[in-house]
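To start, the structure itself, in structure tokens.
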Amino acid sequence: MSLATAYGHLAAADPVLRPLVGSVGRPDPFAWQEGGHPASSDFAAMALRIVGQQDYTAAALAIFGRVWAAMGGDVTPAGLLALPEDRLRACGLSRAKASYLHDLARRQAQGAIDLENMTDVDDAAALADLTAVRGVGLWSAQLILVHQLKRPDVLPAGDIGIRRAIERAWQLDAVPGAEETSRRARPWSPYSTYAAALLWASLSTPLLFTERPGGRARRTLGTTQ
């Protein structure tokens, strides 16, 4: 799917997103890097997501690097299952995250989930499979659909960044909830993933203030050069 097609749809479907496309540009929602640790598989990428939950920082990446090294430079289901919990904790993982990784590895090894062959699994079924893994919530599963599986129509409506971007672009009085965010997103389908990327990117675009009739200030996004 081309960026031009996706963002052309969004600009035509939503009068608020239209100027955002003009000022922010057309970010690629699938351009995500694993922080210097090459994910040799979708399984390894999901393991990295679990390690980085609630702490996706240099420290989390360092922990993943130690797990990666403990398995000889490749994160696999068999390799994780061969590492006892205390060895994983020695890498810097909490007890909970060590158990989450073991559950993920066990499910992949037993065929309860097949992260390497989800191309023909629809979004709803993929989310159900992913959230069945211990410690993987809806938000994490949605990001896996975006970054690993490259699905074009996924909106993490509970994401605080997306909700803050909507508050900003729509000039709301408060950050909207997930339900309101989903409602506003209906016209964006089948390119909701691109809308999410646009909204995330808009947070780094400065706001300008112009004069409204009656002397009130109106916030607008700055224009990129």
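Every chain in the structure tokens takes a letter, A first, then B, and so on in the order presented; its residues are numbered from 1, and the ligands are numbered from 1 following the presented order.
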**Q.** 9 Å contact set for range 162-169 of chain A, only C-alpha atoms, chain neighbours under 6 positions out, as a VMD selection string
**A.** chain A and resid 16 to 17 20 155 to 156 175 to 178 181 196 to 197 199 to 203 207 219 to 221
Just the residues within 12 Å of Ala124 in chain A, please, counting only C-alpha atoms, with nothing from its chain fewer than 4 positions along; format it as an mmCIF file with C-alpha atoms, in the first residue's frame.
data_model
loop_
_atom_site.group_PDB
_atom_site.id
_atom_site.type_symbol
_atom_site.label_atom_id
_atom_site.label_comp_id
_atom_site.auth_asym_id
_atom_site.auth_seq_id
_atom_site.Cartn_x
_atom_site.Cartn_y
_atom_site.Cartn_z
ATOM 1 C CA MET A 118 -0.098 -14.892 10.656
ATOM 2 C CA ASP A 120 -3.844 -15.003 6.631
ATOM 3 C CA ALA A 128 -7.250 -12.609 20.317
ATOM 4 C CA ASP A 129 -4.245 -14.896 19.855
ATOM 5 C CA LEU A 130 -1.775 -12.261 21.013
ATOM 6 C CA THR A 131 -3.722 -11.130 24.080
ATOM 7 C CA LEU A 138 -4.591 -4.964 23.867
ATOM 8 C CA ALA A 141 -0.986 -6.593 20.714
ATOM 9 C CA GLN A 142 -2.080 -3.705 18.501
ATOM 10 C CA LEU A 145 0.000 -5.894 14.485
ATOM 11 C CA ARG A 151 -1.541 -4.286 9.251
ATOM 12 C CA ASP A 153 -6.171 -0.642 9.660
ATOM 13 C CA VAL A 154 -5.222 -0.770 13.355
#
Q. Quick one: distance from CA of Ser40 in chain A to CA of Cys91 in chain A in Å, one decimal?
A.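 Between CA of Ser40 in chain A and CA of Cys91 in chain A the gap is 19.9 Å.
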Q: Compare A:Ala82, A:Met71, A:Ala157, A:Ala109 by their minimum atom-to-atom distance to Ser192 in chain A, counting only C-alpha atoms, and give me the closest one.
A: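 Smallest distance to Ser192 in chain A is found for A:Ala157.
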Q: Provide the CA of Phe30 in chain A to CA of Gly52 in chain A distance in Å, to one decimal place.
A: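 About the pair CA of Phe30 in chain A and CA of Gly52 in chain A: they are 18.2 Å apart.
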Q: For each of A:Asp103, A:Asp42, A:Glu116, A:Glu179, take the minimum atom-to-atom distance to Glu85 in chain A, counting only C-alpha atoms, then give the residue where this is smallest.
A: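 Using only C-alpha atoms, Glu85 in chain A sits closest to A:Asp103.
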